[in-house]
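For reference, start.txt is printed below; it contains compact mmCIF, C-alpha atoms.
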```
# COMPACT_ATOMS: atom_id res chain seq x y z
CA MET A 1 -73.61 -70.56 -180.48
CA GLY A 2 -72.20 -67.00 -180.51
CA GLU A 3 -72.08 -64.72 -177.50
CA SER A 4 -74.81 -62.54 -178.98
CA GLU A 5 -77.16 -65.55 -179.09
CA ASP A 6 -76.33 -66.95 -175.67
CA PHE A 7 -78.90 -65.94 -173.05
CA ARG A 8 -76.24 -66.00 -170.33
CA TYR A 9 -74.20 -63.29 -172.05
CA THR A 10 -77.21 -61.18 -172.95
CA TYR A 11 -78.58 -61.43 -169.39
CA ILE A 12 -75.35 -60.09 -167.86
CA GLN A 13 -75.22 -57.39 -170.55
CA ASP A 14 -78.83 -56.29 -170.01
CA VAL A 15 -78.52 -56.15 -166.21
CA THR A 16 -75.29 -54.14 -166.43
CA LEU A 17 -76.55 -51.61 -168.97
CA LYS A 18 -79.90 -51.09 -167.22
CA SER A 19 -78.38 -50.76 -163.78
CA LEU A 20 -75.66 -48.33 -164.87
CA ARG A 21 -77.96 -46.64 -167.41
CA LEU A 22 -75.54 -47.00 -170.30
CA LYS A 23 -75.93 -47.45 -174.04
CA PRO A 24 -75.06 -50.79 -175.74
CA ASP A 25 -71.96 -49.30 -177.39
CA LYS A 26 -70.27 -49.19 -173.94
CA TRP A 27 -70.63 -52.96 -173.68
CA THR A 28 -69.36 -53.47 -177.23
CA ARG A 29 -66.26 -51.38 -176.53
CA MET A 30 -65.52 -53.39 -173.40
CA LEU A 31 -65.55 -56.67 -175.32
CA VAL A 32 -63.00 -55.33 -177.83
CA SER A 33 -60.39 -56.08 -175.16
CA ASP A 34 -59.30 -59.72 -175.22
CA GLU A 35 -58.61 -59.60 -171.48
CA GLN A 36 -62.10 -58.32 -170.61
CA ARG A 37 -63.77 -60.79 -172.95
CA THR A 38 -61.77 -63.66 -171.42
CA TYR A 39 -62.87 -62.68 -167.89
CA LEU A 40 -66.50 -62.74 -168.98
CA THR A 41 -66.18 -66.03 -170.87
CA ASN A 42 -64.43 -67.76 -167.99
CA PHE A 43 -67.09 -66.59 -165.54
CA ILE A 44 -69.85 -68.02 -167.73
CA ASP A 45 -68.27 -71.21 -169.10
CA ARG A 46 -65.91 -72.22 -166.27
CA GLY A 47 -65.94 -72.56 -162.50
CA HIS A 48 -63.53 -69.69 -161.93
CA PRO A 49 -63.89 -66.77 -161.28
CA GLN A 50 -66.87 -67.13 -158.97
CA GLU A 51 -67.62 -63.42 -158.82
CA LEU A 52 -67.67 -60.67 -161.41
CA VAL A 53 -67.88 -56.93 -160.73
CA ILE A 54 -68.45 -54.56 -163.64
CA SER A 55 -67.97 -50.82 -163.26
CA GLN A 56 -66.75 -47.78 -165.16
CA ASN A 57 -63.12 -46.67 -164.96
CA PHE A 58 -61.82 -43.08 -164.95
CA SER A 59 -62.32 -42.73 -168.69
CA GLY A 60 -65.92 -43.93 -168.53
CA HIS A 61 -65.27 -47.35 -170.11
CA LEU A 62 -66.70 -50.53 -168.60
CA PHE A 63 -64.15 -52.61 -166.72
CA ILE A 64 -64.45 -56.13 -165.30
CA HIS A 65 -63.08 -57.09 -161.87
CA THR A 66 -62.77 -60.78 -161.02
CA ASP A 67 -62.73 -60.08 -157.28
CA TRP A 68 -64.23 -57.49 -154.95
CA PRO A 69 -62.51 -54.16 -155.67
CA SER A 70 -61.18 -52.32 -152.64
CA GLN A 71 -62.60 -49.04 -153.92
CA LEU A 72 -64.95 -47.96 -156.69
CA LYS A 73 -65.23 -44.45 -158.07
CA THR A 74 -68.71 -45.06 -159.50
CA LYS A 75 -71.59 -47.46 -159.02
CA GLY A 76 -70.96 -51.04 -160.19
CA VAL A 77 -72.85 -54.29 -160.75
CA TYR A 78 -71.89 -57.63 -159.20
CA PHE A 79 -72.63 -61.20 -160.31
CA VAL A 80 -71.86 -64.07 -157.94
CA LYS A 81 -72.22 -67.79 -158.62
CA ARG A 82 -73.33 -69.85 -155.64
CA ASP A 83 -70.96 -72.67 -156.64
CA LYS A 84 -67.74 -72.87 -158.63
CA THR A 85 -69.47 -74.22 -161.71
CA PRO A 86 -70.29 -72.87 -165.20
CA LEU A 87 -73.56 -70.98 -165.56
CA PRO A 88 -76.33 -73.25 -166.86
CA LYS A 89 -78.09 -72.25 -170.06
CA ASP A 90 -81.46 -72.83 -168.41
CA ASN A 91 -82.71 -71.41 -165.11
CA ILE A 92 -79.67 -69.18 -164.67
CA MET A 93 -81.06 -67.52 -161.53
CA SER A 94 -80.92 -70.79 -159.62
CA VAL A 95 -77.14 -70.43 -159.37
CA LEU A 96 -76.57 -66.70 -159.88
CA THR A 97 -77.02 -63.69 -157.60
CA CYS A 98 -76.62 -60.16 -158.86
CA GLY A 99 -77.13 -56.59 -157.67
CA ASP A 100 -75.68 -53.10 -157.40
CA ILE A 101 -72.49 -52.24 -155.56
CA HIS A 102 -72.04 -48.62 -154.60
CA PRO A 103 -68.77 -46.66 -154.38
CA ASN A 104 -69.49 -45.88 -150.73
CA SER A 105 -70.45 -49.31 -149.43
CA LEU A 106 -70.83 -48.16 -145.83
CA ASP A 107 -73.36 -45.46 -146.71
CA HIS A 108 -75.23 -47.98 -148.82
CA PHE A 109 -75.24 -50.49 -145.94
CA CYS A 110 -76.43 -47.83 -143.50
CA ALA A 111 -79.29 -46.87 -145.81
CA TRP A 112 -80.21 -50.54 -146.29
CA VAL A 113 -80.34 -51.13 -142.52
CA GLU A 114 -82.29 -47.95 -141.72
CA GLU A 115 -84.73 -47.96 -144.64
CA ILE A 116 -85.33 -51.68 -145.28
CA LEU A 117 -84.15 -54.01 -142.52
CA VAL A 118 -85.31 -52.04 -139.48
CA PRO A 119 -88.86 -51.25 -140.77
CA LEU A 120 -89.32 -54.90 -141.79
CA LEU A 121 -88.18 -56.43 -138.51
CA LYS A 122 -89.83 -53.84 -136.28
CA ASN A 123 -93.22 -54.29 -137.92
CA ASP A 124 -95.40 -56.24 -135.49
CA LYS A 125 -97.29 -57.92 -138.36
CA ASN A 126 -94.05 -59.56 -139.54
CA LEU A 127 -93.42 -60.97 -136.05
CA GLU A 128 -96.90 -62.35 -135.31
CA LYS A 129 -95.85 -66.00 -135.79
CA PHE A 130 -92.97 -65.73 -133.32
CA PRO A 131 -93.32 -66.20 -129.54
CA ILE A 132 -93.40 -62.88 -127.69
CA CYS A 133 -89.96 -63.44 -126.14
CA VAL A 134 -88.41 -64.16 -129.57
CA ALA A 135 -90.14 -61.16 -131.17
CA ASP A 136 -88.92 -58.87 -128.37
CA ASP A 137 -85.38 -60.21 -128.75
CA ILE A 138 -85.46 -59.60 -132.52
CA LYS A 139 -86.60 -56.01 -131.95
CA ARG A 140 -83.88 -55.47 -129.36
CA GLN A 141 -81.10 -56.79 -131.59
CA VAL A 142 -82.37 -54.88 -134.62
CA HIS A 143 -82.39 -51.70 -132.53
CA GLU A 144 -78.81 -52.36 -131.39
CA LEU A 145 -77.73 -52.87 -135.02
CA ALA A 146 -79.51 -49.70 -136.13
CA THR A 147 -77.92 -47.76 -133.26
CA SER A 148 -74.43 -49.01 -134.17
CA VAL A 149 -74.95 -48.10 -137.82
CA TYR A 150 -76.31 -44.69 -136.81
CA GLN A 151 -73.26 -43.98 -134.65
CA ILE A 152 -70.79 -45.22 -137.28
CA ARG A 153 -72.36 -42.93 -139.87
CA GLY A 154 -71.96 -40.02 -137.45
CA HIS A 155 -68.34 -40.97 -136.72
CA ILE A 156 -67.52 -40.84 -140.43
CA LYS A 157 -68.96 -37.32 -140.59
CA GLY A 158 -67.00 -36.28 -137.51
CA LYS A 159 -70.06 -36.14 -135.27
CA THR A 160 -70.99 -38.05 -132.12
CA LEU A 161 -74.57 -39.19 -132.58
CA LEU A 162 -76.49 -40.10 -129.44
CA PRO A 163 -78.60 -43.29 -129.42
CA PHE A 164 -82.23 -43.27 -128.26
CA PRO A 165 -84.41 -45.96 -126.63
CA GLN A 166 -85.80 -48.58 -128.99
CA GLN A 167 -89.40 -47.56 -128.18
CA GLY A 168 -88.98 -44.56 -130.46
CA GLU A 169 -89.78 -40.86 -130.39
CA ARG A 170 -93.58 -41.18 -130.55
CA ARG A 171 -93.73 -43.70 -127.71
CA ILE A 172 -91.51 -41.51 -125.51
CA GLN A 173 -93.70 -38.44 -126.06
CA GLU A 174 -96.87 -40.46 -125.37
CA GLU A 175 -95.35 -41.74 -122.13
CA GLU A 176 -94.39 -38.21 -121.09
CA MET A 177 -98.04 -37.13 -121.43
CA ARG A 178 -99.20 -40.15 -119.43
CA VAL A 179 -96.66 -39.48 -116.68
CA ARG A 180 -97.64 -35.79 -116.49
CA GLU A 181 -101.34 -36.64 -116.26
CA SER A 182 -100.67 -39.01 -113.37
CA ASN A 183 -98.16 -36.63 -111.74
CA GLY A 184 -95.50 -39.33 -111.94
CA GLU A 185 -97.60 -42.09 -110.37
CA VAL A 186 -97.98 -44.16 -113.57
CA CYS A 187 -94.96 -44.99 -115.72
CA ASP A 188 -93.71 -47.66 -118.12
CA MET A 189 -90.78 -48.96 -116.08
CA THR A 190 -89.22 -50.73 -119.06
CA LEU A 191 -89.07 -47.48 -120.96
CA LYS A 192 -87.77 -45.64 -117.91
CA ASN A 193 -84.98 -48.21 -117.43
CA ASN A 194 -84.06 -47.91 -121.10
CA ILE A 195 -83.89 -44.13 -120.80
CA GLU A 196 -81.61 -44.39 -117.76
CA GLY A 197 -79.33 -46.80 -119.64
CA ILE A 198 -79.21 -44.48 -122.63
CA ILE A 199 -78.32 -41.48 -120.43
CA ILE A 200 -75.36 -43.44 -119.04
CA LYS A 201 -74.17 -44.11 -122.59
CA TRP A 202 -74.54 -40.42 -123.39
CA ALA A 203 -72.35 -39.54 -120.43
CA TYR A 204 -69.54 -41.79 -121.69
CA GLN A 205 -69.88 -40.42 -125.25
CA SER A 206 -69.86 -36.80 -124.08
CA ASP A 207 -66.87 -37.40 -121.81
CA GLU A 208 -64.97 -38.94 -124.73
CA VAL A 209 -65.57 -35.84 -126.86
CA LEU A 210 -64.67 -33.41 -124.06
CA SER A 211 -61.50 -35.27 -123.10
CA LYS A 212 -59.98 -35.13 -126.60
CA ASP A 213 -56.83 -33.01 -126.59
CA SER A 214 -55.01 -31.48 -129.54
CA ALA A 215 -51.75 -32.65 -127.94
CA GLU A 216 -52.64 -36.17 -129.10
CA LEU A 217 -51.65 -35.08 -132.62
CA LEU A 218 -48.07 -34.56 -131.42
CA ASN A 219 -47.82 -38.08 -129.98
CA ARG A 220 -48.44 -39.86 -133.27
CA GLU A 221 -45.26 -41.47 -134.48
CA GLY A 222 -44.00 -40.26 -137.83
CA GLN A 223 -46.37 -37.29 -138.02
CA TYR A 224 -45.34 -33.68 -137.61
CA PRO A 225 -48.49 -31.50 -137.58
CA GLY A 226 -48.22 -27.80 -138.29
CA PRO A 227 -50.26 -24.89 -136.92
CA MET A 228 -53.23 -25.64 -139.20
CA ALA A 229 -53.62 -29.05 -137.55
CA GLU A 230 -54.44 -27.26 -134.29
CA VAL A 231 -57.01 -25.06 -136.03
CA GLN A 232 -58.60 -28.05 -137.77
CA PHE A 233 -58.74 -29.97 -134.48
CA TRP A 234 -60.71 -27.21 -132.75
CA GLU A 235 -62.97 -26.70 -135.74
CA ALA A 236 -63.85 -30.42 -135.68
CA LYS A 237 -64.32 -30.42 -131.91
CA CYS A 238 -66.52 -27.32 -132.08
CA MET A 239 -68.71 -28.94 -134.76
CA ASN A 240 -69.00 -32.09 -132.66
CA LEU A 241 -69.93 -30.18 -129.49
CA GLU A 242 -72.54 -28.16 -131.39
CA SER A 243 -73.98 -31.43 -132.71
CA LEU A 244 -74.20 -32.84 -129.16
CA TYR A 245 -75.86 -29.64 -127.92
CA GLU A 246 -78.49 -29.74 -130.69
CA GLN A 247 -79.30 -33.39 -129.89
CA MET A 248 -79.55 -32.74 -126.17
CA LYS A 249 -82.01 -29.88 -126.57
CA ALA A 250 -84.24 -31.83 -128.99
CA GLN A 251 -87.88 -32.40 -127.99
CA THR A 252 -87.36 -36.15 -127.53
CA THR A 253 -84.51 -35.47 -125.10
CA LYS A 254 -86.72 -33.06 -123.14
CA SER A 255 -89.46 -35.71 -122.98
CA MET A 256 -86.97 -38.26 -121.63
CA ALA A 257 -85.79 -35.78 -118.99
CA ALA A 258 -89.38 -35.01 -118.00
CA ILE A 259 -90.18 -38.71 -117.51
CA LEU A 260 -87.20 -39.19 -115.23
CA ASP A 261 -87.84 -35.95 -113.32
CA LEU A 262 -91.56 -36.61 -112.72
CA THR A 263 -91.10 -40.24 -111.62
CA ASP A 264 -88.15 -39.59 -109.28
CA ARG A 265 -89.89 -37.07 -107.06
```
Let me see whether you can do it: turn the structure in this file into structure tokens.
Amino acid sequence: MGESEDFRYTYIQDVTLKSLRLKPDKWTRMLVSDEQRTYLTNFIDRGHPQELVISQNFSGHLFIHTDWPSQLKTKGVYFVKRDKTPLPKDNIMSVLTCGDIHPNSLDHFCAWVEEILVPLLKNDKNLEKFPICVADDIKRQVHELATSVYQIRGHIKGKTLLPFPQQGERRIQEEEMRVRESNGEVCDMTLKNNIEGIIIKWAYQSDEVLSKDSAELLNREGQYPGPMAEVQFWEAKCMNLESLYEQMKAQTTKSMAAILDLTDR
């Protein structure tokens, strides 16, 4: 049976072309290379390699990687066999996993956490079958993961992003109204404790930004920064401080401050 008639080959071809939005001639050109064709054949008919990553190189031609590439310039497609065995000709999806791999994996992971994982695991309907203590623990850990991802994304952009309580912006503003109506007599103590813990974290984060000194650049072994390094340092620090200021004057921050102020009188 030729490659063109084998469902395993055509499946990998179809997924790749649809995902990368390419014409069939790109696939045909890739298979002209004996090396590329051998990689594909070994993946399908042998136990090794166990993973296959297909992406476009600098010239726009499809290129096969037999391991996870350290860096991609464009979006790619991955195929992973669950076991080191040839792909079966029937029920191929029972042993094969495939999907997209993006050039900026961290950004892709952040988006996946924030837009898919967090909404799913914070939805009360999805946690109805769990005991309350387990459901609360899941929400807490999901919030910690989302906060870490949020802060990492900010760090990459050169900004210090401040975390917020897991109850969320709407819940904080609702609690502020309730506290104001009761003149500080009624308050959700769990939320208040979370706010106090968050403020302590903010203090450490702000202190870290303020304590950074351009002289640190001179202490790095093997590096000899020029005058522009000093300018770039202060530009980055200024941007970071402006970011902190904008976050601290946001409405949610004001609501948190109001809750603490009204309940501590």
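Taking all atoms listed in the file into account, Ser55 of chain A lies nearest to A:Leu20 out of the set A:Cys238, A:Leu106, A:Val32, A:Leu20.
Across the structure, atom CA of Arg220 of chain A and atom CA of Lys159 of chain A are spaced 22.0 Å apart.
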**OP:** Would you list the contacts of Asp137 of chain A as a list in words, taking every protein, DNA or RNA residue within 12 Å and counting only C-alpha atoms, but skipping same-chain residues closer than 4 positions in sequence?
**Re:** Leu121, Lys122, Leu127, Phe130, Pro131, Ile132, Cys133, Gln141, Val142, His143, Glu144 and Gln166 of chain A
Selection from above, C-alpha atoms, as a compact mmCIF listing (two decimals), in the coordinates of the input, can you write it?
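Result file out23.txt:
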```txt
# COMPACT_ATOMS: atom_id res chain seq x y z
CA LEU A 121 -88.18 -56.43 -138.51
CA LYS A 122 -89.83 -53.84 -136.28
CA LEU A 127 -93.42 -60.97 -136.05
CA PHE A 130 -92.97 -65.73 -133.32
CA PRO A 131 -93.32 -66.20 -129.54
CA ILE A 132 -93.40 -62.88 -127.69
CA CYS A 133 -89.96 -63.44 -126.14
CA GLN A 141 -81.10 -56.79 -131.59
CA VAL A 142 -82.37 -54.88 -134.62
CA HIS A 143 -82.39 -51.70 -132.53
CA GLU A 144 -78.81 -52.36 -131.39
CA GLN A 166 -85.80 -48.58 -128.99
```
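Within the 6 Å cut-off around Glu51 of chain A, using only C-alpha atoms and omitting residues fewer than 6 positions from it on the same chain, the listed residues are Thr66, Phe79 and Val80 of chain A.
Residues with any atom within 12 Å of Ala215 of chain A, counting all atoms listed in the file and excluding same-chain neighbours fewer than 2 positions away, are Ser211, Lys212, Asp213, Leu217, Leu218, Asn219, Arg220, Tyr224, Pro225, Gly226, Pro227, Ala229, Glu230, Phe233 and Trp234 of chain A.
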Subject >> Residue contacts of Phe63 of chain A (7 Å, all atoms listed in the file) excluding same-chain residues fewer than 5 positions away, as a ChimeraX atom specification >> reply: /A:30,54-57
Since we have the selection now, will you write its residues out, keeping C-alpha atoms, as a tab-separated table (two decimals), keeping the file's coordinate frame?
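Once written, again.tsv looks like this:
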```tsv
chain	number	residue	atom	x	y	z
A	30	MET	CA	-65.52	-53.39	-173.40
A	54	ILE	CA	-68.45	-54.56	-163.64
A	55	SER	CA	-67.97	-50.82	-163.26
A	56	GLN	CA	-66.75	-47.78	-165.16
A	57	ASN	CA	-63.12	-46.67	-164.96
```
Original post:
Near segment 46-49 of chain A, counting all atoms listed in the file, which residues have an atom at most 8 Å away, once you skip same-chain residues fewer than 5 positions from it, shown as a PyMOL selection string?
Top reply: chain A and resi 39+41+66-67+83-87
Mind dumping the selected residues with C-alpha atoms as a tab-separated table (two decimals), in the coordinates of the input?
```
chain	number	residue	atom	x	y	z
A	39	TYR	CA	-62.87	-62.68	-167.89
A	41	THR	CA	-66.18	-66.03	-170.87
A	66	THR	CA	-62.77	-60.78	-161.02
A	67	ASP	CA	-62.73	-60.08	-157.28
A	83	ASP	CA	-70.96	-72.67	-156.64
A	84	LYS	CA	-67.74	-72.87	-158.63
A	85	THR	CA	-69.47	-74.22	-161.71
A	86	PRO	CA	-70.29	-72.87	-165.20
A	87	LEU	CA	-73.56	-70.98	-165.56
```
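One distance worth recording is that between atom CA of Met239 of chain A and atom CA of His155 of chain A, which is 12.2 Å.
Compared by their closest atoms to Gly154 of chain A, and using all atoms listed in the file, the residues A:Leu244, A:Gly76, A:Arg180, A:Glu115 rank with A:Leu244 nearest.
Atom pair atom CA of Ala257 of chain A / atom CA of Glu235 of chain A: separated by 29.7 Å.
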